[in-house]
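Colleague: Below you'll find the structure I mean.
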Amino acid sequence: MQTSTHTDNSIAPPTFDMTESAAARINRLKADEGKDLRFRVAVKGGGCSGFQYEFVLDDAAPSENDTVIRKDGAEAVVDDVSLNILKGSVLDYTEDLAQAGFLIKNPNATARCGCGNSFSVTL
């Protein structure tokens with residue numbers, strides 16, 4: 001298992017990062033559940049644009065093929081295959097009058113569907 005901890009004074013940018021808003025929401029979800037859960041981010045085949053993001057809370061320990069991103073006490077676990085597609089991306093959490101949810105700001109996405117959960121990349 002690889003571990004990445006974002007700090008503002010790091011020289012190289014992390015492969016995958018999360019905003020303070022995402023970290024706060026993950027911490028809130030864990031507190032509401034009252035269990036030691038991990039937030040997992042994955043990229044799966046499917047959706048109208050070819051790939052889609054998957055967000056899951058579970059209690060499975062990270063494997064040696066996972067990378068754990070930490071910020072403000074929150075953890076996001078990403079498998080190696082997904083991490084390759086998410087390189088340079090940021091996990092965010094937004095709330096507005098119309099909706100609330102996690103989203104990925106992925107610079108590798110070449111097309112997105114209207115909901116923002118399905119995307120395509122050129123590998």
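Residues are referred to by chain and number: the chain letter is A, B, ... according to the order shown in the structure tokens, the number counts from 1 in that chain, and ligands are numbered separately from 1 in the order shown.
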Would you pick out the contacts of range 32-44 of chain A at 9 Å or less, using only C-alpha atoms, so that residues sharing its chain but fewer than 2 positions from it are not included, and give the list as a PyMOL selection string?

Modeller: chain A and resi 26-30+46-47+50-62+74-79+81-83+85-86+91

Colleague: Which residues come within 7 Å of Thr19 in chain A, counting only C-alpha atoms, excluding same-chain residues fewer than 4 positions away, as a list in words?

Modeller: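 Returned residues: Ala23, Val90, Leu91 and Asp92 of chain A.
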
Colleague: Okay, now the selection with N, CA, C and O atoms, as a PDB file, in the first residue's frame?

Modeller:
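Result file is result.pdb:
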ATOM      1  N   ALA A  23     -12.620  16.425   2.324  1.00  0.00           N
ATOM      2  CA  ALA A  23     -12.128  15.831   3.572  1.00  0.00           C
ATOM      3  C   ALA A  23     -13.146  16.014   4.694  1.00  0.00           C
ATOM      4  O   ALA A  23     -13.433  15.074   5.445  1.00  0.00           O
ATOM      5  N   VAL A  90      -8.478  15.927  -8.638  1.00  0.00           N
ATOM      6  CA  VAL A  90      -8.807  16.372  -7.285  1.00  0.00           C
ATOM      7  C   VAL A  90     -10.231  15.933  -6.957  1.00  0.00           C
ATOM      8  O   VAL A  90     -11.154  16.156  -7.743  1.00  0.00           O
ATOM      9  N   LEU A  91     -10.393  15.313  -5.794  1.00  0.00           N
ATOM     10  CA  LEU A  91     -11.715  14.957  -5.274  1.00  0.00           C
ATOM     11  C   LEU A  91     -12.268  16.168  -4.542  1.00  0.00           C
ATOM     12  O   LEU A  91     -11.585  16.750  -3.703  1.00  0.00           O
ATOM     13  N   ASP A  92     -13.502  16.555  -4.867  1.00  0.00           N
ATOM     14  CA  ASP A  92     -14.130  17.708  -4.236  1.00  0.00           C
ATOM     15  C   ASP A  92     -15.522  17.316  -3.770  1.00  0.00           C
ATOM     16  O   ASP A  92     -16.078  16.311  -4.205  1.00  0.00           O
TER      17      ASP A  92
END

Colleague: Just the helix (DSSP H, G or I) stuff from range 17-56 of chain A, please, per backbone DSSP, written as a list in words.

Modeller: Glu20, Ser21, Ala22, Ala23, Ala24, Arg25, Ile26, Asn27, Arg28, Leu29, Lys30, Ala31, Asp32 and Glu33 of chain A

Colleague: So that I can see what lies close to Asp80 in chain A, please list as a list in words the residues with an atom at most 9 Å from it, counting only C-alpha atoms and leaving out residues fewer than 6 positions away in the same chain.

Modeller: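 Those residues are Asn65, Asp66 and Thr67 of chain A.
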
Colleague: Could you go through range 16-113 of chain A and tell me which residues DSSP, when run on the backbone, assigns to strand (DSSP E or B), listing them as JSON, numbers by chain?

Modeller: {"A": [16, 17, 18, 38, 39, 40, 41, 42, 43, 44, 45, 51, 52, 53, 54, 55, 56, 57, 58, 66, 67, 68, 69, 70, 71, 74, 75, 76, 77, 78, 79, 89, 90, 91, 92, 93, 94, 95, 100, 101, 102, 103, 104, 105, 109, 110, 111, 112]}

Colleague: Write the residues of the preceding selection, restricted to C-alpha atoms, as a CSV table (one decimal), in the first residue's frame.

Modeller:
chain,number,residue,atom,x,y,z
A,16,PHE,CA,-4.5,12.5,-6.6
A,17,ASP,CA,-5.6,15.0,-4.0
A,18,MET,CA,-8.8,16.1,-2.2
A,38,ARG,CA,-12.8,4.1,4.4
A,39,PHE,CA,-13.9,6.3,1.4
A,40,ARG,CA,-13.0,4.5,-1.8
A,41,VAL,CA,-12.7,6.2,-5.2
A,42,ALA,CA,-12.6,4.0,-8.3
A,43,VAL,CA,-13.0,4.4,-12.0
A,44,LYS,CA,-15.2,1.7,-13.7
A,45,GLY,CA,-16.1,1.1,-17.3
A,51,PHE,CA,-15.9,5.5,-17.7
A,52,GLN,CA,-17.7,6.5,-14.5
A,53,TYR,CA,-16.6,7.4,-11.0
A,54,GLU,CA,-17.6,5.2,-8.1
A,55,PHE,CA,-17.6,6.3,-4.5
A,56,VAL,CA,-18.0,3.7,-1.7
A,57,LEU,CA,-17.7,3.7,2.1
A,58,ASP,CA,-16.6,0.3,3.4
A,66,ASP,CA,-4.1,0.8,-3.1
A,67,THR,CA,-2.9,4.3,-2.5
A,68,VAL,CA,-4.3,6.1,0.5
A,69,ILE,CA,-4.7,9.9,0.2
A,70,ARG,CA,-4.9,11.7,3.6
A,71,LYS,CA,-6.1,15.2,4.4
A,74,ALA,CA,-9.9,12.0,6.1
A,75,GLU,CA,-8.7,9.1,3.9
A,76,ALA,CA,-9.5,8.3,0.3
A,77,VAL,CA,-8.4,4.9,-1.0
A,78,VAL,CA,-7.7,4.5,-4.7
A,79,ASP,CA,-6.7,1.3,-6.5
A,89,SER,CA,-7.2,14.9,-10.4
A,90,VAL,CA,-8.8,16.4,-7.3
A,91,LEU,CA,-11.7,15.0,-5.3
A,92,ASP,CA,-14.1,17.7,-4.2
A,93,TYR,CA,-17.5,18.0,-2.4
A,94,THR,CA,-19.9,20.7,-3.4
A,95,GLU,CA,-23.3,21.8,-2.2
A,100,ALA,CA,-24.8,18.1,-3.3
A,101,GLY,CA,-22.2,15.5,-3.9
A,102,PHE,CA,-18.6,14.4,-4.5
A,103,LEU,CA,-17.1,15.2,-7.9
A,104,ILE,CA,-13.7,14.6,-9.5
A,105,LYS,CA,-11.9,17.5,-11.2
A,109,ALA,CA,-11.1,13.8,-19.1
A,110,THR,CA,-11.5,14.5,-22.8
A,111,ALA,CA,-15.4,14.4,-22.7
A,112,ARG,CA,-18.0,14.4,-19.9

Colleague: Could you check how far CA of Asp72 in chain A sits from CA of Ala31 in chain A, in Å to one decimal?

Modeller: 13.9 Å
